[in-house]
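Colleague: Just one file: data.txt, with compact mmCIF, C-alpha atoms and all ligand atoms.
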# COMPACT_ATOMS: atom_id res chain seq x y z
CA MET A 1 93.72 85.20 80.26
CA SER A 2 97.41 85.75 79.49
CA GLY A 3 99.75 87.44 81.96
CA ARG A 4 97.86 86.38 85.07
CA GLY A 5 99.61 84.61 87.96
CA ALA A 6 98.67 81.34 89.61
CA ASP A 7 96.06 82.99 91.83
CA GLY A 8 94.80 85.13 88.97
CA SER A 9 96.95 88.16 89.87
CA ALA A 10 96.95 90.49 86.89
CA GLY A 11 99.36 93.20 87.96
CA ASP A 12 103.14 93.34 88.41
CA ALA A 13 102.88 91.97 91.95
CA ASP A 14 101.97 88.41 92.90
CA TYR A 15 99.19 88.59 95.47
CA GLY A 16 99.24 84.80 95.84
CA THR A 17 102.48 85.42 97.77
CA ILE A 18 101.87 88.89 99.20
CA GLY A 19 98.17 88.66 99.80
CA GLY A 20 97.98 86.50 102.93
CA GLY A 21 98.69 89.24 105.50
CA TYR A 22 97.51 92.15 103.40
CA ALA A 23 94.22 92.79 105.17
CA THR A 24 95.89 92.69 108.61
CA TYR A 25 98.22 95.58 107.85
CA ARG A 26 96.18 97.46 105.27
CA GLN A 27 93.10 98.48 107.24
CA PRO A 28 91.32 101.36 105.50
CA ASP A 29 91.93 104.69 107.19
CA ALA A 30 88.81 106.73 107.96
CA ARG A 31 90.42 110.08 107.12
CA ILE A 32 91.66 108.88 103.76
CA GLY A 33 88.21 107.35 103.28
CA GLN A 34 86.69 110.81 103.73
CA ALA A 35 88.87 112.18 100.93
CA ILE A 36 87.64 109.38 98.65
CA ALA A 37 84.00 109.89 99.67
CA ALA A 38 84.27 113.62 98.93
CA ALA A 39 85.65 112.83 95.47
CA LEU A 40 82.79 110.38 94.77
CA GLY A 41 80.30 113.18 95.48
CA GLY A 42 76.70 112.05 95.60
CA ALA A 43 77.26 108.72 93.80
CA ARG A 44 75.06 105.82 94.89
CA THR A 45 76.35 103.05 92.63
CA VAL A 46 80.14 102.68 92.42
CA VAL A 47 82.48 100.22 90.72
CA ASN A 48 85.69 99.64 92.68
CA VAL A 49 88.43 98.47 90.33
CA GLY A 50 91.35 96.50 91.83
CA ALA A 51 89.18 96.25 94.93
CA GLY A 52 91.37 93.79 96.83
CA ALA A 53 89.95 92.91 100.22
CA GLY A 54 87.46 95.78 100.02
CA SER A 55 89.30 98.65 101.67
CA TYR A 56 87.47 101.96 101.31
CA GLU A 57 84.24 100.38 100.07
CA SER A 58 81.44 102.27 101.77
CA THR A 59 78.64 100.05 103.05
CA THR A 60 76.20 102.93 102.50
CA LEU A 61 76.83 102.78 98.72
CA GLU A 62 75.98 100.06 96.24
CA VAL A 63 79.48 98.83 95.37
CA THR A 64 80.44 96.43 92.58
CA ALA A 65 83.99 95.20 93.20
CA VAL A 66 86.38 94.04 90.47
CA GLU A 67 89.43 92.03 91.54
CA PRO A 68 91.57 89.58 89.50
CA SER A 69 93.50 87.93 92.38
CA ALA A 70 91.78 84.95 94.02
CA SER A 71 93.88 85.45 97.16
CA MET A 72 92.63 89.04 97.50
CA ARG A 73 89.04 88.09 96.70
CA ALA A 74 89.21 85.46 99.45
CA GLN A 75 90.12 88.13 102.01
CA ARG A 76 86.97 90.15 101.43
CA PRO A 77 84.90 90.21 104.62
CA ALA A 78 81.47 88.57 104.53
CA HIS A 79 79.56 91.87 104.79
CA LEU A 80 80.95 93.05 101.43
CA SER A 81 79.80 91.84 98.04
CA ALA A 82 81.82 89.11 96.31
CA ALA A 83 84.18 90.60 93.75
CA VAL A 84 83.87 90.07 90.01
CA ASP A 85 86.95 88.29 88.58
CA ALA A 86 88.01 90.76 85.88
CA VAL A 87 90.71 93.30 85.04
CA ALA A 88 90.55 97.07 84.70
CA GLU A 89 91.53 96.90 81.06
CA HIS A 90 88.34 94.97 80.17
CA LEU A 91 85.50 95.87 82.51
CA PRO A 92 82.52 93.60 81.87
CA PHE A 93 79.92 96.37 82.22
CA ASP A 94 77.83 98.55 79.93
CA ASP A 95 78.69 102.17 79.19
CA GLY A 96 77.53 104.42 82.03
CA ALA A 97 76.53 101.46 84.19
CA PHE A 98 77.54 103.20 87.46
CA ASP A 99 77.26 106.63 89.01
CA ALA A 100 81.01 106.59 89.71
CA ALA A 101 84.16 104.51 89.46
CA MET A 102 87.05 104.34 91.89
CA THR A 103 90.42 102.65 92.10
CA ILE A 104 92.55 102.71 95.21
CA PHE A 105 96.29 101.89 95.35
CA SER A 106 95.93 99.79 92.23
CA VAL A 107 96.49 101.72 88.97
CA HIS A 108 100.31 101.34 89.17
CA GLN A 109 99.92 97.58 88.88
CA TRP A 110 97.84 97.47 85.72
CA SER A 111 99.46 96.18 82.55
CA ASP A 112 97.86 99.05 80.57
CA PHE A 113 96.73 101.87 82.85
CA ARG A 114 95.51 103.99 79.93
CA ALA A 115 93.13 101.25 78.81
CA GLY A 116 91.98 100.68 82.40
CA LEU A 117 91.28 104.36 83.00
CA ARG A 118 89.42 104.64 79.70
CA GLU A 119 87.31 101.73 80.87
CA MET A 120 86.59 103.44 84.21
CA ARG A 121 85.59 106.62 82.39
CA ARG A 122 83.39 104.56 80.04
CA VAL A 123 81.41 102.74 82.74
CA ALA A 124 80.96 105.77 85.05
CA ARG A 125 78.34 108.44 84.39
CA GLY A 126 79.93 110.72 87.00
CA PRO A 127 83.30 110.90 88.77
CA ALA A 128 86.16 108.51 88.10
CA VAL A 129 88.38 108.62 91.20
CA VAL A 130 91.98 107.40 91.45
CA LEU A 131 93.89 107.25 94.74
CA THR A 132 97.57 106.83 93.96
CA CYS A 133 101.05 108.19 94.63
CA ASP A 134 102.80 110.91 92.68
CA PRO A 135 106.06 109.31 91.47
CA GLY A 136 107.73 112.73 91.46
CA LEU A 137 107.32 112.89 95.24
CA VAL A 138 107.92 109.33 96.47
CA ARG A 139 111.68 109.81 96.97
CA ASP A 140 111.14 112.83 99.26
CA PHE A 141 110.52 110.47 102.18
CA TRP A 142 113.10 109.54 104.86
CA LEU A 143 112.83 105.89 103.82
CA TYR A 144 114.80 106.81 100.70
CA GLU A 145 117.93 107.11 102.85
CA TYR A 146 117.51 103.53 104.07
CA ALA A 147 115.92 101.65 101.19
CA PRO A 148 116.49 103.68 98.01
CA GLU A 149 115.85 100.64 95.81
CA VAL A 150 112.32 100.29 97.26
CA LEU A 151 111.35 103.88 96.54
CA ASP A 152 113.13 103.81 93.16
CA THR A 153 110.87 100.85 92.40
CA GLU A 154 107.83 102.83 93.56
CA ALA A 155 108.84 105.84 91.48
CA ARG A 156 109.18 103.62 88.40
CA ARG A 157 105.89 101.81 88.94
CA TYR A 158 103.58 104.76 89.58
CA PRO A 159 102.41 106.42 86.37
CA ALA A 160 103.04 110.18 86.16
CA VAL A 161 100.08 112.21 87.37
CA ALA A 162 99.95 114.06 84.03
CA ASP A 163 99.66 110.72 82.20
CA LEU A 164 96.81 109.65 84.48
CA THR A 165 94.86 112.88 84.00
CA GLU A 166 95.36 112.70 80.24
CA ALA A 167 94.18 109.08 80.09
CA LEU A 168 91.13 109.85 82.25
CA GLY A 169 90.11 112.87 80.22
CA GLY A 170 87.15 115.00 81.24
CA ARG A 171 87.70 117.74 83.82
CA THR A 172 90.36 116.56 86.25
CA THR A 173 91.47 117.76 89.66
CA VAL A 174 94.49 116.51 91.64
CA THR A 175 94.38 116.90 95.42
CA ALA A 176 97.07 115.98 97.95
CA VAL A 177 95.79 113.65 100.67
CA PRO A 178 97.38 114.31 104.08
CA ILE A 179 98.41 111.09 105.87
CA PRO A 180 97.42 110.98 109.56
CA VAL A 181 100.07 110.09 112.16
CA ASP A 182 98.11 107.01 113.29
CA CYS A 183 97.10 105.98 109.75
CA THR A 184 95.61 102.48 109.87
CA ASP A 185 96.43 101.70 106.23
CA GLY A 186 100.02 100.45 106.31
CA PHE A 187 101.65 101.73 103.13
CA ASN A 188 105.24 102.95 103.52
CA GLU A 189 104.51 106.66 104.14
CA ALA A 190 101.84 105.71 106.70
CA TYR A 191 104.77 104.86 108.99
CA TYR A 192 106.38 108.31 108.64
CA ALA A 193 106.30 108.78 112.43
CA ARG A 194 106.48 105.08 113.38
CA PRO A 195 109.70 103.81 111.78
CA GLU A 196 109.73 100.79 114.12
CA MET A 197 106.79 99.37 112.16
CA LEU A 198 108.97 98.96 109.08
CA LEU A 199 111.21 96.57 111.04
CA ASP A 200 108.31 94.10 110.92
CA PRO A 201 108.76 91.93 107.79
CA ALA A 202 105.00 91.31 107.56
CA ALA A 203 104.28 95.07 107.58
CA ARG A 204 106.80 95.50 104.76
CA GLN A 205 105.32 92.61 102.81
CA ALA A 206 101.92 94.33 102.80
CA CYS A 207 103.52 97.04 100.58
CA SER A 208 104.15 95.33 97.26
CA ALA A 209 107.28 97.41 96.42
CA TRP A 210 109.21 95.42 99.02
CA SER A 211 108.58 92.24 97.04
CA PHE A 212 110.70 93.65 94.19
CA VAL A 213 113.92 93.84 96.25
CA ASP A 214 115.93 90.82 97.37
CA GLU A 215 116.20 89.43 100.88
CA GLU A 216 119.72 90.80 101.28
CA ALA A 217 118.49 94.36 100.65
CA ARG A 218 115.61 93.88 103.09
CA GLU A 219 117.97 92.58 105.79
CA ARG A 220 120.45 95.41 105.21
CA PHE A 221 117.61 97.93 105.49
CA ALA A 222 116.34 96.42 108.76
CA ALA A 223 119.85 96.32 110.28
CA ASP A 224 120.57 99.96 109.33
CA LEU A 225 117.24 101.26 110.61
CA ARG A 226 117.47 99.25 113.84
CA ARG A 227 120.98 100.60 114.45
CA ASP A 228 119.83 104.21 113.94
CA LEU A 229 116.76 103.77 116.13
CA ASP A 230 118.86 102.21 118.93
CA SER A 231 121.51 104.95 118.74
CA GLY A 232 119.00 107.81 118.43
CA ALA A 233 120.38 108.79 115.01
CA TRP A 234 116.97 108.40 113.34
CA ASP A 235 115.27 110.58 115.96
CA ALA A 236 118.00 113.20 115.77
CA ARG A 237 117.29 113.64 112.06
CA PHE A 238 113.63 112.82 111.66
CA GLY A 239 112.21 112.72 115.20
CA THR A 240 110.09 115.87 114.80
CA LEU A 241 107.88 113.77 112.51
CA ARG A 242 106.74 111.80 115.56
CA GLN A 243 104.88 114.95 116.74
CA GLN A 244 103.50 115.89 113.34
CA PRO A 245 99.76 115.06 113.15
CA PHE A 246 99.72 114.78 109.34
CA TYR A 247 102.29 114.21 106.64
CA GLU A 248 101.84 115.53 103.15
CA GLY A 249 103.74 113.02 101.07
CA SER A 250 103.08 111.53 97.67
CA LEU A 251 99.46 110.45 98.21
CA VAL A 252 97.00 112.13 95.83
CA VAL A 253 93.41 111.73 94.77
CA ILE A 254 92.71 112.39 91.12
CA THR A 255 89.12 113.02 90.09
CA SER A 256 87.77 113.17 86.56
CA VAL A 257 84.25 114.31 85.82
CA PRO A 258 82.77 114.33 82.33
CA ALA A 259 83.65 117.61 80.58
C1 LIG B 301 97.70 97.35 96.57
S1 LIG B 301 96.28 96.39 96.16
C2 LIG B 301 94.98 97.52 96.62
C3 LIG B 301 93.70 96.84 96.94
C4 LIG B 301 92.60 97.75 97.50
N1 LIG B 301 92.13 98.67 96.49
C5 LIG B 301 93.08 98.47 98.74
O1 LIG B 301 93.12 99.69 98.73
O2 LIG B 301 93.42 97.80 99.70
C6 LIG B 301 96.25 96.44 94.40
C7 LIG B 301 95.16 95.59 93.80
O3 LIG B 301 95.09 95.81 92.40
C8 LIG B 301 94.80 94.56 91.78
N2 LIG B 301 95.17 94.60 90.35
C9 LIG B 301 96.39 94.42 89.79
N3 LIG B 301 96.31 94.51 88.46
C10 LIG B 301 95.01 94.76 88.15
C11 LIG B 301 94.31 94.98 86.91
N4 LIG B 301 94.92 94.95 85.74
N5 LIG B 301 92.98 95.20 86.99
C12 LIG B 301 92.34 95.24 88.18
N6 LIG B 301 92.97 95.06 89.37
C13 LIG B 301 94.29 94.83 89.36
C14 LIG B 301 95.63 93.57 92.59
O4 LIG B 301 95.19 92.23 92.43
C15 LIG B 301 95.42 94.09 94.01
O5 LIG B 301 94.30 93.53 94.65
Could you render the structure as structure tokens?
Modeller:
Amino acid sequence: MSGRGADGSAGDADYGTIGGGYATYRQPDARIGQAIAAALGGARTVVNVGAGAGSYESTTLEVTAVEPSASMRAQRPAHLSAAVDAVAEHLPFDDGAFDAAMTIFSVHQWSDFRAGLREMRRVARGPAVVLTCDPGLVRDFWLYEYAPEVLDTEARRYPAVADLTEALGGRTTVTAVPIPVDCTDGFNEAYYARPEMLLDPAARQACSAWSFVDEEARERFAADLRRDLDSGAWDARFGTLRQQPFYEGSLVVITSVPA
């Protein structure tokens, strides 16, 4: 298939390079999992598109995983089903084959998100659920003051929420997902109250946006943040976040049900 990397990666990020430590830092968070479960409603059979290592796949549901990157497929734990090697844009399933479809932290990487969402809508009889970030909100995070190029990259990559709802069709709802202070899924905003975590190069690597900036920018970021943490400047400006149990950032769950 054209446009796929050496390990089969189909998106704009190369998971042959990024993927190795992904599962270590990106453990599914139970509270975010509850938001996804609520959106899936009473579904029993679910297709998980861009399933990666299987985060947020409920073992109480019958899940069919779709994942193009061999590196990500290899990180799926033994208790989960093996993933089908396919892309969102061409799902190898019949119309209405599943009760529901979900895609988590993946839609921004697809070469044609409209085609992928149409496919999700086609194969799901019930809800099609998308967990993603609202690009209009990603720059409202303190990280923007330290690594603007990373969040500019994020803002460019994430499709606008209105474009996602239009492509999904049906009756759509968009709900903000609060991020817990001890969130176990290490995307950038998950560290809103733990800035020290972003000094760890492996934690940064588990968020694909960091792979789009050069080493010099990453080193400058780490030096600036370390300086402000050592001097207390970060805490003087943002320290109240350390006591905040949840952060409402750019994370949203979009649900489409047939009209
Ligand atoms: C950030 S990871 C998220 C993985 C998993 N859903 C999770 O929450 O941990 C994005 C995933 O989307 C996959 N992906 C990229 N382009 C895709 C496409 N066109 N169709 C299906 N999956 C794709 C990548 O290979 C990667 O595993």
Colleague: Take atom CA of A:Gly21 and atom CA of A:Leu225 and report the distance between them in Å, one decimal.
Modeller: 22.7 Å
Colleague: Quick one: residues within 7 Å of ligand LIG 301 (chain B), with only C-alpha atoms and all ligand atoms, as a ChimeraX atom specification?
Modeller: /A:9-12,15,26,49-56,66-69,72,86-89,103-107,109-111,208
Colleague: What is the distance between atom CA of A:Thr172 and atom CA of A:Tyr192, in Å to one decimal?
Modeller: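 Those two atoms sit 28.7 Å apart.
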Colleague: Name all residues at most 8 Å from A:Met102 (count only C-alpha atoms; drop same-chain ones fewer than 4 positions away) and give them as a PyMOL selection string.
Modeller: chain A and resi 40+46-49+120+128-131
Colleague: Using all atoms listed in the file, which residue out of A:Ile36, A:Arg44, A:Arg121, A:Gly5 lies closest to A:Ser71?
Modeller: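 Result for the nearest residue to A:Ser71: A:Gly5.
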Colleague: Work out how far apart atom CA of A:His90 and atom CA of A:Ala39 are and give it in Å to one decimal.
Modeller: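 Computed distance, atom CA of A:His90 to atom CA of A:Ala39, equals 23.7 Å.
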Colleague: Which residues are close to A:Gln243, i.e. within 12 Å by only C-alpha atoms, leaving aside same-chain residues fewer than 6 positions away? Reply as a PyMOL selection string.
Modeller: chain A and resi 180-182+192-194+235
Colleague: Which residue out of A:Phe246, A:Tyr158, A:Phe93, A:Phe221 has the minimum interatomic distance to A:Glu189 when all atoms listed in the file are used?
Modeller: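 Result for the nearest residue to A:Glu189: A:Phe246.
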Colleague: Got a sec: who's within 8 Å of A:Asp99, counting all atoms listed in the file, leaving out chain neighbours fewer than 6 positions off, as a list of chain:residue names?
Modeller: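 Everything that qualifies: A:Ala43, A:Arg44, A:Thr45, A:Val46, A:Ala124, A:Arg125, A:Gly126, A:Pro127.
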Colleague: With a distance cut-off of 12 Å and all atoms listed in the file, select the neighbouring residues of A:Glu145, excluding the residue or stretch itself and same-chain residues fewer than 5 positions from it, and output the selection as a PyMOL selection string.
Modeller: chain A and resi 139-140+150-152+221+224-225+228+234+237-238
Colleague: Hey, which of A:Asp7, A:Asp85, A:Glu216, A:Glu154 ends up closest to A:Ser250? Count only C-alpha atoms.
Modeller: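 Of A:Asp7, A:Asp85, A:Glu216, A:Glu154, the one nearest A:Ser250, counting only C-alpha atoms, is A:Glu154.
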Colleague: I'd like the contact shell of A:Met197 - 12 Å cut-off, all atoms listed in the file, skipping same-chain residues fewer than 5 positions apart - returned as number ranges by chain.
Modeller: A: 25, 182-184, 186-192, 202-206, 222, 225-226, 229
Colleague: Give the answer as one residue: which of A:Val252, A:Val123, A:Cys207, A:Ala78 has the shortest atom-to-atom distance to A:Ala160, using all atoms listed in the file?
Modeller: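 For A:Ala160, the nearest of the candidates is A:Val252.
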Colleague: Please produce stretch 203-229 of chain A, completed to N, CA, C and O atoms, as a PDB file, keeping the file's coordinate frame.
Modeller:
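Listing of rebuild_11.pdb after writing:
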ATOM      1  N   ALA A 203     104.753  93.722 107.932  1.00  0.00           N
ATOM      2  CA  ALA A 203     104.280  95.070 107.580  1.00  0.00           C
ATOM      3  C   ALA A 203     104.880  95.482 106.239  1.00  0.00           C
ATOM      4  O   ALA A 203     104.203  96.059 105.383  1.00  0.00           O
ATOM      5  N   ARG A 204     106.166  95.160 106.048  1.00  0.00           N
ATOM      6  CA  ARG A 204     106.800  95.500 104.760  1.00  0.00           C
ATOM      7  C   ARG A 204     106.151  94.721 103.624  1.00  0.00           C
ATOM      8  O   ARG A 204     105.889  95.258 102.549  1.00  0.00           O
ATOM      9  N   GLN A 205     105.868  93.449 103.873  1.00  0.00           N
ATOM     10  CA  GLN A 205     105.320  92.610 102.810  1.00  0.00           C
ATOM     11  C   GLN A 205     103.969  93.104 102.316  1.00  0.00           C
ATOM     12  O   GLN A 205     103.582  92.857 101.168  1.00  0.00           O
ATOM     13  N   ALA A 206     103.236  93.818 103.197  1.00  0.00           N
ATOM     14  CA  ALA A 206     101.920  94.330 102.800  1.00  0.00           C
ATOM     15  C   ALA A 206     102.035  95.524 101.840  1.00  0.00           C
ATOM     16  O   ALA A 206     101.030  96.022 101.352  1.00  0.00           O
ATOM     17  N   CYS A 207     103.282  96.008 101.612  1.00  0.00           N
ATOM     18  CA  CYS A 207     103.520  97.040 100.580  1.00  0.00           C
ATOM     19  C   CYS A 207     104.251  96.340  99.455  1.00  0.00           C
ATOM     20  O   CYS A 207     105.407  95.943  99.610  1.00  0.00           O
ATOM     21  N   SER A 208     103.620  96.225  98.298  1.00  0.00           N
ATOM     22  CA  SER A 208     104.150  95.330  97.260  1.00  0.00           C
ATOM     23  C   SER A 208     105.542  95.729  96.776  1.00  0.00           C
ATOM     24  O   SER A 208     106.289  94.876  96.303  1.00  0.00           O
ATOM     25  N   ALA A 209     105.951  97.000  96.910  1.00  0.00           N
ATOM     26  CA  ALA A 209     107.280  97.410  96.420  1.00  0.00           C
ATOM     27  C   ALA A 209     108.393  96.602  97.080  1.00  0.00           C
ATOM     28  O   ALA A 209     109.431  96.337  96.459  1.00  0.00           O
ATOM     29  N   TRP A 210     108.177  96.185  98.330  1.00  0.00           N
ATOM     30  CA  TRP A 210     109.210  95.420  99.020  1.00  0.00           C
ATOM     31  C   TRP A 210     109.422  94.052  98.383  1.00  0.00           C
ATOM     32  O   TRP A 210     110.473  93.428  98.567  1.00  0.00           O
ATOM     33  N   SER A 211     108.437  93.560  97.656  1.00  0.00           N
ATOM     34  CA  SER A 211     108.580  92.240  97.040  1.00  0.00           C
ATOM     35  C   SER A 211     109.472  92.300  95.796  1.00  0.00           C
ATOM     36  O   SER A 211     109.813  91.276  95.227  1.00  0.00           O
ATOM     37  N   PHE A 212     109.843  93.514  95.374  1.00  0.00           N
ATOM     38  CA  PHE A 212     110.700  93.650  94.190  1.00  0.00           C
ATOM     39  C   PHE A 212     112.180  93.756  94.553  1.00  0.00           C
ATOM     40  O   PHE A 212     113.015  93.854  93.673  1.00  0.00           O
ATOM     41  N   VAL A 213     112.503  93.796  95.861  1.00  0.00           N
ATOM     42  CA  VAL A 213     113.920  93.840  96.250  1.00  0.00           C
ATOM     43  C   VAL A 213     114.278  92.516  96.920  1.00  0.00           C
ATOM     44  O   VAL A 213     113.409  91.826  97.474  1.00  0.00           O
ATOM     45  N   ASP A 214     115.564  92.152  96.872  1.00  0.00           N
ATOM     46  CA  ASP A 214     115.930  90.820  97.370  1.00  0.00           C
ATOM     47  C   ASP A 214     116.078  90.824  98.903  1.00  0.00           C
ATOM     48  O   ASP A 214     116.132  91.874  99.543  1.00  0.00           O
ATOM     49  N   GLU A 215     116.154  89.623  99.430  1.00  0.00           N
ATOM     50  CA  GLU A 215     116.200  89.430 100.880  1.00  0.00           C
ATOM     51  C   GLU A 215     117.409  90.151 101.498  1.00  0.00           C
ATOM     52  O   GLU A 215     117.329  90.724 102.583  1.00  0.00           O
ATOM     53  N   GLU A 216     118.515  90.142 100.769  1.00  0.00           N
ATOM     54  CA  GLU A 216     119.720  90.800 101.280  1.00  0.00           C
ATOM     55  C   GLU A 216     119.459  92.297 101.495  1.00  0.00           C
ATOM     56  O   GLU A 216     119.840  92.868 102.521  1.00  0.00           O
ATOM     57  N   ALA A 217     118.795  92.922 100.533  1.00  0.00           N
ATOM     58  CA  ALA A 217     118.490  94.360 100.650  1.00  0.00           C
ATOM     59  C   ALA A 217     117.536  94.606 101.806  1.00  0.00           C
ATOM     60  O   ALA A 217     117.667  95.591 102.549  1.00  0.00           O
ATOM     61  N   ARG A 218     116.570  93.708 101.981  1.00  0.00           N
ATOM     62  CA  ARG A 218     115.610  93.880 103.090  1.00  0.00           C
ATOM     63  C   ARG A 218     116.319  93.745 104.438  1.00  0.00           C
ATOM     64  O   ARG A 218     116.062  94.513 105.365  1.00  0.00           O
ATOM     65  N   GLU A 219     117.245  92.778 104.530  1.00  0.00           N
ATOM     66  CA  GLU A 219     117.970  92.580 105.790  1.00  0.00           C
ATOM     67  C   GLU A 219     118.908  93.755 106.079  1.00  0.00           C
ATOM     68  O   GLU A 219     119.026  94.212 107.210  1.00  0.00           O
ATOM     69  N   ARG A 220     119.554  94.262 105.038  1.00  0.00           N
ATOM     70  CA  ARG A 220     120.450  95.410 105.210  1.00  0.00           C
ATOM     71  C   ARG A 220     119.643  96.623 105.697  1.00  0.00           C
ATOM     72  O   ARG A 220     120.046  97.319 106.627  1.00  0.00           O
ATOM     73  N   PHE A 221     118.482  96.818 105.082  1.00  0.00           N
ATOM     74  CA  PHE A 221     117.610  97.930 105.490  1.00  0.00           C
ATOM     75  C   PHE A 221     117.258  97.801 106.977  1.00  0.00           C
ATOM     76  O   PHE A 221     117.396  98.754 107.752  1.00  0.00           O
ATOM     77  N   ALA A 222     116.802  96.600 107.374  1.00  0.00           N
ATOM     78  CA  ALA A 222     116.340  96.420 108.760  1.00  0.00           C
ATOM     79  C   ALA A 222     117.498  96.635 109.738  1.00  0.00           C
ATOM     80  O   ALA A 222     117.324  97.274 110.790  1.00  0.00           O
ATOM     81  N   ALA A 223     118.687  96.149 109.387  1.00  0.00           N
ATOM     82  CA  ALA A 223     119.850  96.320 110.280  1.00  0.00           C
ATOM     83  C   ALA A 223     120.208  97.799 110.412  1.00  0.00           C
ATOM     84  O   ALA A 223     120.462  98.297 111.513  1.00  0.00           O
ATOM     85  N   ASP A 224     120.208  98.527 109.300  1.00  0.00           N
ATOM     86  CA  ASP A 224     120.570  99.960 109.330  1.00  0.00           C
ATOM     87  C   ASP A 224     119.560 100.766 110.134  1.00  0.00           C
ATOM     88  O   ASP A 224     119.917 101.612 110.957  1.00  0.00           O
ATOM     89  N   LEU A 225     118.270 100.483 109.893  1.00  0.00           N
ATOM     90  CA  LEU A 225     117.240 101.260 110.610  1.00  0.00           C
ATOM     91  C   LEU A 225     117.272 100.921 112.100  1.00  0.00           C
ATOM     92  O   LEU A 225     117.195 101.828 112.947  1.00  0.00           O
ATOM     93  N   ARG A 226     117.417  99.654 112.423  1.00  0.00           N
ATOM     94  CA  ARG A 226     117.470  99.250 113.840  1.00  0.00           C
ATOM     95  C   ARG A 226     118.655  99.944 114.541  1.00  0.00           C
ATOM     96  O   ARG A 226     118.515 100.490 115.630  1.00  0.00           O
ATOM     97  N   ARG A 227     119.782  99.958 113.871  1.00  0.00           N
ATOM     98  CA  ARG A 227     120.980 100.600 114.450  1.00  0.00           C
ATOM     99  C   ARG A 227     120.695 102.082 114.729  1.00  0.00           C
ATOM    100  O   ARG A 227     120.969 102.586 115.824  1.00  0.00           O
ATOM    101  N   ASP A 228     120.073 102.776 113.769  1.00  0.00           N
ATOM    102  CA  ASP A 228     119.830 104.210 113.940  1.00  0.00           C
ATOM    103  C   ASP A 228     118.725 104.500 114.949  1.00  0.00           C
ATOM    104  O   ASP A 228     118.737 105.560 115.596  1.00  0.00           O
ATOM    105  N   LEU A 229     117.791 103.582 115.103  1.00  0.00           N
ATOM    106  CA  LEU A 229     116.760 103.770 116.130  1.00  0.00           C
ATOM    107  C   LEU A 229     117.382 103.531 117.508  1.00  0.00           C
ATOM    108  O   LEU A 229     117.152 104.303 118.453  1.00  0.00           O
TER     109      LEU A 229
END
